[in-house]
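K.L.:
Structure below; questions to follow.
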Amino acid sequence: METVAISRRESGALINSLTAGVVPRIGLRHIAVGRQNEVNALLNDLITIENGGASFRFISGQYGSGKSFLLQMIRNNAMERNFVVADADLSPERRLTGTKNQGLATYRELMQHLSTLTRPEGGALEAIMQKWISSLQYSVAKQKRLSPSSPDIVEAVSERIAEVMAALSEMAYGFAFSLVIDSYWRGMKTGDECLKQSALRWLRGEFSTKTEARQCLAVDCIIDDQSWYEFLKLFALFVSKAGYSGLLIFLDEGVNLYKISHKQARDSNYEKILTIFNDTMQGKAQHIGVFISGTPQFIYDERRGLFNYEALRSRLSDNRFSAQGFVDYTSPVIKLNKLSPEEIYLLLERLCELHSAHYSYTVSLGSSELTAFLNTVVSRLGADQLLTPREITRDFLGLLNILHQNSTNNFYTILAEQDIVVKSAEEDPEQIAEEHDDLFTEFDI
């Protein structure tokens with residue numbers, strides 16, 4: 001089997017992440033299989049966003065089905081297309097809104113993970129600011145024949161910033177946003193580090209009171225739990241004016257909204273989703289894409305999921321022709337179905353190549369061995385419902401590790417002796433809780 005061209009850093013990150021059951025941040029192209037229609041649909045969204053539009057998508061699939069993998073793959077592809085991307089995992093502490101500033105916590109997490117092609121690991125906010133302002137300063141200096149050290153350059157660039165930001169002033173909080181950008185420029189040019197850092201703190205949502213913001217920046221508003229999405233829209237327009245294709249927001253683990261026990265709190269988060277959905281789908285937002293992943297229960301459960309919120313149910317319902325076996329990939333919800341046996345076989349081949357490349361050996365497994373492994377895992381009880389790419393990947397890499405560390409042992413012997421089983425629902429505490437919760441939902445005394 002031919003070894004793929006892959007760096008040691010990428011192969012190590014892939015093996016460590018996949019063995020631990022988490023999605024790697026780099027090297028995904030080496031193991032990606034299937035999902036061609038889904039990927040093409042999301043790439044078409046990027047074209048729409050790049051041309052000034054907006055997009056909103058839900059990615060639906062069971063645990064381990066590849067939702068996070070798909071989002072990460074689109075994230076990496078988007079950075080190569082000059083997009084600014086930001087991702088966050090929703091949790092009890094990070095929601096879309098809440099009484100304890102959970103929405104603001106999500107915004108702060110997104111800004112912390114703000115990434116570009118040159119800063120793929122996050123923390124790209126200041127780099128974006130510096131790149132844009134430096135180009136603006138060069139353009140102004142050249143046009144007005146000013147030296148970069150000239151005292152007049154400060155006001156000249158401020159005037160240009162006001163001109164560029166004029167379109168933002170028509171939006172909610174646009175004037176304050178423009179003032180903060182100008183403050184960053186002045187702090188950067190005059191060496192006022194306090195002013196510069198205050199501007200960055202404001203953009204990251206780190207001011208807790210308006211009084212503090214007014215003292216540091218002379219602005220009368222701050223980013224809070226109610227307004228954070230409005231500022232994301234402003235930031236999306238800003239990065240487009242800074243020369244980027246747009247801003248993409250990736251929110252994983254949407255099921256954590258489904259798990260909110262208090263109905264009013266849960267509905268408040270669903271109402272926030274509706275606001276964002278309407279904004280992006282009606283053309284009110286520009287150069288922004290929002291992608292949320294979650295389990296089918298999160299979307300389709302009519303008691304606690306998004307379908308419990310009538311306004312969302314009417315917008316997210318399946319195309320009636322989908323029931324006849326057709327799939328509409330322009331739908332707001334992209335469902336991740338099981339990989340086909342052929343796609344799983346190709347995944348096993350790529351894992352062999354990855355493992356042998358990382359540990360510098362020639363893999364000895366051929367088509368008969370891969371077929372035997374595939375037959376073993378798919379024949380287990382419950383495989384139709386519970387077998388996922390995550391489980392297959394972890395089991396197969398574990399088998400490759402054993403074979404590599406015990407080269408004298410026979411593949412078929414190890415396959416027969418190893419307890420390669422699909423995790424049952426009883427082994428997933430979260431699934432147990434959901435099933436027990438559903439069991440007594442309709443029970444009346």
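We name chains A, B, ... following the order of the structure tokens; residues begin at 1 in each chain, and ligands are numbered from 1 as shown.
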Which residues come within 9 Å of Pro341 of chain A, counting only C-alpha atoms, excluding same-chain residues fewer than 4 positions away, as a list in words?
P.N.:
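Contacts, in chain order: Tyr345, Leu346 and Leu374 of chain A.
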K.L.:
Using DSSP assignments from the backbone, pull out every residue in segment 133-344 of chain A that falls under strand (DSSP E or B) and give it to me as a PyMOL selection string.
P.N.:
chain A and resi 247-252+288-294+333-335
K.L.:
For the selection just defined, write its residues with N, CA and C atoms to a file, as a short mmCIF file (atom, residue, chain, number, x, y, z; two decimals), in the first residue's frame.
P.N.:
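Ended up saving to out.cif:
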```cif
data_model
loop_
_atom_site.label_atom_id
_atom_site.label_comp_id
_atom_site.auth_asym_id
_atom_site.auth_seq_id
_atom_site.Cartn_x
_atom_site.Cartn_y
_atom_site.Cartn_z
N LEU A 247 -16.88 36.20 7.37
CA LEU A 247 -16.73 35.62 8.71
C LEU A 247 -17.61 34.38 8.83
N LEU A 248 -17.04 33.27 9.28
CA LEU A 248 -17.80 32.03 9.49
C LEU A 248 -17.80 31.69 10.97
N ILE A 249 -18.98 31.36 11.49
CA ILE A 249 -19.15 31.00 12.89
C ILE A 249 -19.56 29.54 12.97
N PHE A 250 -18.79 28.73 13.70
CA PHE A 250 -19.08 27.31 13.87
C PHE A 250 -19.40 27.03 15.34
N LEU A 251 -20.62 26.58 15.61
CA LEU A 251 -21.05 26.24 16.96
C LEU A 251 -21.33 24.74 17.03
N ASP A 252 -20.52 24.04 17.79
CA ASP A 252 -20.67 22.59 17.93
C ASP A 252 -21.42 22.27 19.23
N ILE A 288 -21.50 36.76 6.32
CA ILE A 288 -21.43 35.95 7.53
C ILE A 288 -22.13 34.62 7.31
N GLY A 289 -21.56 33.56 7.87
CA GLY A 289 -22.17 32.24 7.83
C GLY A 289 -22.19 31.65 9.23
N VAL A 290 -23.30 31.03 9.60
CA VAL A 290 -23.45 30.42 10.92
C VAL A 290 -23.78 28.95 10.72
N PHE A 291 -22.99 28.07 11.35
CA PHE A 291 -23.17 26.63 11.21
C PHE A 291 -23.25 26.02 12.61
N ILE A 292 -24.36 25.34 12.90
CA ILE A 292 -24.58 24.74 14.21
C ILE A 292 -24.77 23.24 14.04
N SER A 293 -24.05 22.45 14.82
CA SER A 293 -24.20 20.99 14.74
C SER A 293 -24.89 20.47 15.99
N GLY A 294 -25.64 19.39 15.81
CA GLY A 294 -26.33 18.78 16.94
C GLY A 294 -26.94 17.45 16.54
N VAL A 333 -31.21 22.19 7.06
CA VAL A 333 -30.68 21.08 7.86
C VAL A 333 -30.00 20.07 6.93
N ILE A 334 -28.73 19.80 7.19
CA ILE A 334 -27.99 18.76 6.46
C ILE A 334 -27.87 17.56 7.37
N LYS A 335 -28.47 16.45 6.95
CA LYS A 335 -28.43 15.22 7.75
C LYS A 335 -27.26 14.35 7.32
#
```
K.L.:
Compile the contact shell of Ser115 of chain A as number ranges by chain: residues with an atom at most 9 Å away, counting only C-alpha atoms, same-chain residues fewer than 6 positions apart removed.
P.N.:
A: 79, 83-87, 121-125
K.L.:
So which residues touch Leu43 of chain A within 12 Å, counting only C-alpha atoms, skipping near sequence neighbours fewer than 2 positions away, as a list in words?
P.N.:
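Result of the neighbour search: Gln36, Asn37, Glu38, Val39, Asn40, Ala41, Asp45, Leu46, Ile47, Thr48, Ile49, Glu50, Ser55, Arg57, Leu70, Leu71, Met73, Ile74, Arg75, Asn76, Asn77, Ala78, Arg81, Leu248, Gly289, Tyr329 and Thr330 of chain A.
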K.L.:
Restricted to C-alpha atoms, what would the selected residues look like written as an mmCIF file, in the first residue's frame?
P.N.:
```cif
data_model
loop_
_atom_site.group_PDB
_atom_site.id
_atom_site.type_symbol
_atom_site.label_atom_id
_atom_site.label_comp_id
_atom_site.auth_asym_id
_atom_site.auth_seq_id
_atom_site.Cartn_x
_atom_site.Cartn_y
_atom_site.Cartn_z
ATOM 1 C CA GLN A 36 -19.264 14.729 -1.121
ATOM 2 C CA ASN A 37 -22.776 16.152 -1.539
ATOM 3 C CA GLU A 38 -22.765 17.654 1.945
ATOM 4 C CA VAL A 39 -19.340 19.225 1.419
ATOM 5 C CA ASN A 40 -20.366 20.678 -1.946
ATOM 6 C CA ALA A 41 -23.484 22.210 -0.377
ATOM 7 C CA ASP A 45 -22.562 28.562 0.950
ATOM 8 C CA LEU A 46 -19.026 29.946 1.112
ATOM 9 C CA ILE A 47 -19.417 31.324 -2.416
ATOM 10 C CA THR A 48 -22.656 33.047 -1.376
ATOM 11 C CA ILE A 49 -21.005 34.581 1.699
ATOM 12 C CA GLU A 50 -17.974 35.666 -0.291
ATOM 13 C CA SER A 55 -25.898 31.498 5.282
ATOM 14 C CA ARG A 57 -27.027 25.652 8.412
ATOM 15 C CA LEU A 70 -17.324 17.960 8.699
ATOM 16 C CA LEU A 71 -17.362 21.378 10.378
ATOM 17 C CA MET A 73 -12.997 20.281 7.350
ATOM 18 C CA ILE A 74 -15.109 23.217 6.102
ATOM 19 C CA ARG A 75 -13.323 25.487 8.590
ATOM 20 C CA ASN A 76 -9.913 24.540 7.224
ATOM 21 C CA ASN A 77 -11.098 24.901 3.636
ATOM 22 C CA ALA A 78 -12.596 28.317 4.400
ATOM 23 C CA ARG A 81 -10.270 30.707 0.770
ATOM 24 C CA LEU A 248 -17.800 32.033 9.490
ATOM 25 C CA GLY A 289 -22.173 32.239 7.833
ATOM 26 C CA TYR A 329 -28.991 19.794 0.015
ATOM 27 C CA THR A 330 -30.182 23.404 -0.016
#
```
K.L.:
Go through segment 9-107 of chain A residue by residue and, counting only C-alpha atoms, keep those with an atom at most 9 Å from segment 396-402 of chain A; for each kept residue give the shortest atom pair and its distance in Å to one decimal, ordered by chain and increasing number, as CSV.
P.N.:
```
residue,atom,partner,partner_atom,distance
A:Ile15,CA,A:Leu397,CA,7.8
A:Leu18,CA,A:Leu397,CA,8.1
A:Thr19,CA,A:Leu397,CA,6.6
```
K.L.:
Which residue is closest to Arg95 of chain A? Choose from A:Ser183, A:Thr211, A:Gln226, A:Asn269 and count only C-alpha atoms.
P.N.:
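The shortest atom-to-atom distance to Arg95 of chain A comes from A:Asn269.
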K.L.:
Could you tell me how far atom CA of Tyr270 of chain A lies from atom CA of Ser208 of chain A, in Å and to one decimal?
P.N.:
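Result for atom CA of Tyr270 of chain A versus atom CA of Ser208 of chain A: 25.3 Å, one decimal.
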K.L.:
Choose the residue, out of A:Ile6, A:Leu237, A:Ala32, A:Ala20, that has the smallest atom-to-atom separation from Ile344 of chain A; count only C-alpha atoms.
P.N.:
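The answer is A:Ala32, which sits nearest to Ile344 of chain A.
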K.L.:
Just to confirm, what's the straight-line distance from atom CA of Glu353 of chain A to atom CA of Glu369 of chain A in Å (one decimal)?
P.N.:
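Between atom CA of Glu353 of chain A and atom CA of Glu369 of chain A the gap works out to 14.5 Å.
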K.L.:
For the atom pair atom CA of Leu114 of chain A and atom CA of Tyr173 of chain A, what is the interatomic distance in Å to one decimal place?
P.N.:
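A separation of 20.8 Å between them.
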K.L.:
What lies within 8 Å of Ile26 of chain A using only C-alpha atoms, ignoring chain neighbours under 5 positions off, as a PDB file with all heavy atoms, in the first residue's frame?
P.N.:
```
ATOM      1  N   GLU A  10       1.416  16.467  11.242  1.00  0.00           N
ATOM      2  CA  GLU A  10       0.033  16.155  10.895  1.00  0.00           C
ATOM      3  C   GLU A  10      -0.330  14.726  11.280  1.00  0.00           C
ATOM      4  O   GLU A  10      -1.402  14.486  11.849  1.00  0.00           O
ATOM      5  CB  GLU A  10      -0.190  16.357   9.396  1.00  0.00           C
ATOM      6  CG  GLU A  10      -0.265  17.808   8.958  1.00  0.00           C
ATOM      7  CD  GLU A  10      -0.556  17.948   7.481  1.00  0.00           C
ATOM      8  OE1 GLU A  10      -0.002  17.155   6.697  1.00  0.00           O
ATOM      9  OE2 GLU A  10      -1.338  18.836   7.103  1.00  0.00           O
ATOM     10  N   ALA A  13      -0.758  14.451  15.044  1.00  0.00           N
ATOM     11  CA  ALA A  13      -2.003  15.078  15.497  1.00  0.00           C
ATOM     12  C   ALA A  13      -3.214  14.223  15.131  1.00  0.00           C
ATOM     13  O   ALA A  13      -4.143  14.069  15.934  1.00  0.00           O
ATOM     14  CB  ALA A  13      -2.130  16.472  14.883  1.00  0.00           C
ATOM     15  N   LEU A  14      -3.199  13.657  13.938  1.00  0.00           N
ATOM     16  CA  LEU A  14      -4.312  12.813  13.505  1.00  0.00           C
ATOM     17  C   LEU A  14      -4.448  11.569  14.372  1.00  0.00           C
ATOM     18  O   LEU A  14      -5.536  11.246  14.860  1.00  0.00           O
ATOM     19  CB  LEU A  14      -4.120  12.414  12.036  1.00  0.00           C
ATOM     20  CG  LEU A  14      -4.433  13.469  10.983  1.00  0.00           C
ATOM     21  CD1 LEU A  14      -3.964  13.013   9.611  1.00  0.00           C
ATOM     22  CD2 LEU A  14      -5.928  13.774  10.942  1.00  0.00           C
ATOM     23  N   ASN A  76     -11.251  24.503   7.811  1.00  0.00           N
ATOM     24  CA  ASN A  76      -9.913  24.540   7.224  1.00  0.00           C
ATOM     25  C   ASN A  76      -9.951  24.992   5.767  1.00  0.00           C
ATOM     26  O   ASN A  76      -9.103  25.761   5.306  1.00  0.00           O
ATOM     27  CB  ASN A  76      -9.259  23.162   7.331  1.00  0.00           C
ATOM     28  CG  ASN A  76      -8.956  22.779   8.763  1.00  0.00           C
ATOM     29  OD1 ASN A  76      -9.053  23.590   9.679  1.00  0.00           O
ATOM     30  ND2 ASN A  76      -8.589  21.525   8.989  1.00  0.00           N
TER      31      ASN A  76
END
```
K.L.:
I'd like the neighbourhood of Gly283 of chain A as a PyMOL selection string, where a residue qualifies if any of its atoms comes within 9 Å (using only C-alpha atoms), though same-chain residues fewer than 4 positions away should be ignored.
P.N.:
chain A and resi 53-54+278-279
K.L.:
Output C-alpha atoms of each residue in that selection to a file, as a CSV table (one decimal), in the first residue's frame.
P.N.:
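File produced: again12.csv:
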```csv
chain,number,residue,atom,x,y,z
A,53,GLY,CA,-24.6,37.1,1.2
A,54,ALA,CA,-25.2,35.1,4.4
A,278,ASN,CA,-34.1,35.1,10.0
A,279,ASP,CA,-31.3,37.6,9.7
```
K.L.:
Between segment 209-231 of chain A and segment 103-111 of chain A, at 12 Å or less, what are the per-residue closest atom pairs and their distances in Å? Count only C-alpha atoms, order by chain and rising residue number, and return it as a tab-separated table.
P.N.:
```
residue	atom	partner	partner_atom	distance
A:Ile222	CA	A:Leu104	CA	10.8
A:Ile223	CA	A:Leu104	CA	7.6
A:Asp224	CA	A:Leu104	CA	5.7
A:Asp225	CA	A:Leu104	CA	4.6
A:Gln226	CA	A:Gly103	CA	7.5
A:Ser227	CA	A:Leu104	CA	8.6
A:Trp228	CA	A:Tyr107	CA	6.4
A:Tyr229	CA	A:Tyr107	CA	8.0
A:Glu230	CA	A:Tyr107	CA	10.9
A:Phe231	CA	A:Tyr107	CA	9.4
```
K.L.:
Go ahead and write the residues just picked, N, CA, C and O atoms, as a tab-separated table (two decimals), in the first residue's frame.
P.N.:
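Result went into part-v9.tsv, see below:
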```
chain	number	residue	atom	x	y	z
A	222	ILE	N	-21.44	48.54	25.45
A	222	ILE	CA	-20.52	47.41	25.52
A	222	ILE	C	-21.20	46.20	24.89
A	222	ILE	O	-22.42	46.18	24.69
A	223	ILE	N	-20.42	45.20	24.60
A	223	ILE	CA	-20.95	43.94	24.07
A	223	ILE	C	-21.46	43.12	25.25
A	223	ILE	O	-20.71	42.84	26.19
A	224	ASP	N	-22.73	42.77	25.22
A	224	ASP	CA	-23.32	42.03	26.34
A	224	ASP	C	-24.10	40.83	25.83
A	224	ASP	O	-24.06	40.49	24.65
A	225	ASP	N	-24.85	40.20	26.74
A	225	ASP	CA	-25.54	38.95	26.42
A	225	ASP	C	-26.61	39.13	25.35
A	225	ASP	O	-26.90	38.19	24.61
A	226	GLN	N	-27.18	40.31	25.28
A	226	GLN	CA	-28.26	40.54	24.32
A	226	GLN	C	-27.76	41.01	22.95
A	226	GLN	O	-28.41	40.77	21.94
A	227	SER	N	-26.60	41.67	22.92
A	227	SER	CA	-26.17	42.34	21.69
A	227	SER	C	-25.03	41.65	20.95
A	227	SER	O	-24.62	42.11	19.89
A	228	TRP	N	-24.50	40.55	21.48
A	228	TRP	CA	-23.27	39.99	20.92
A	228	TRP	C	-23.42	39.59	19.46
A	228	TRP	O	-22.49	39.73	18.68
A	229	TYR	N	-24.59	39.11	19.05
A	229	TYR	CA	-24.75	38.72	17.64
A	229	TYR	C	-24.70	39.94	16.73
A	229	TYR	O	-24.17	39.86	15.61
A	230	GLU	N	-25.24	41.09	17.19
A	230	GLU	CA	-25.18	42.32	16.39
A	230	GLU	C	-23.74	42.72	16.13
A	230	GLU	O	-23.39	43.19	15.04
A	231	PHE	N	-22.87	42.49	17.11
A	231	PHE	CA	-21.47	42.84	16.93
A	231	PHE	C	-20.76	41.85	16.01
A	231	PHE	O	-19.81	42.21	15.31
```
K.L.:
So which bits of segment 89-266 of chain A end up helix (DSSP H, G or I) when you DSSP the backbone, as number ranges by chain?
P.N.:
A: 102-112, 125-144, 152-164, 166-169, 174-190, 193-203, 210-217, 228-241, 255-258, 263-266
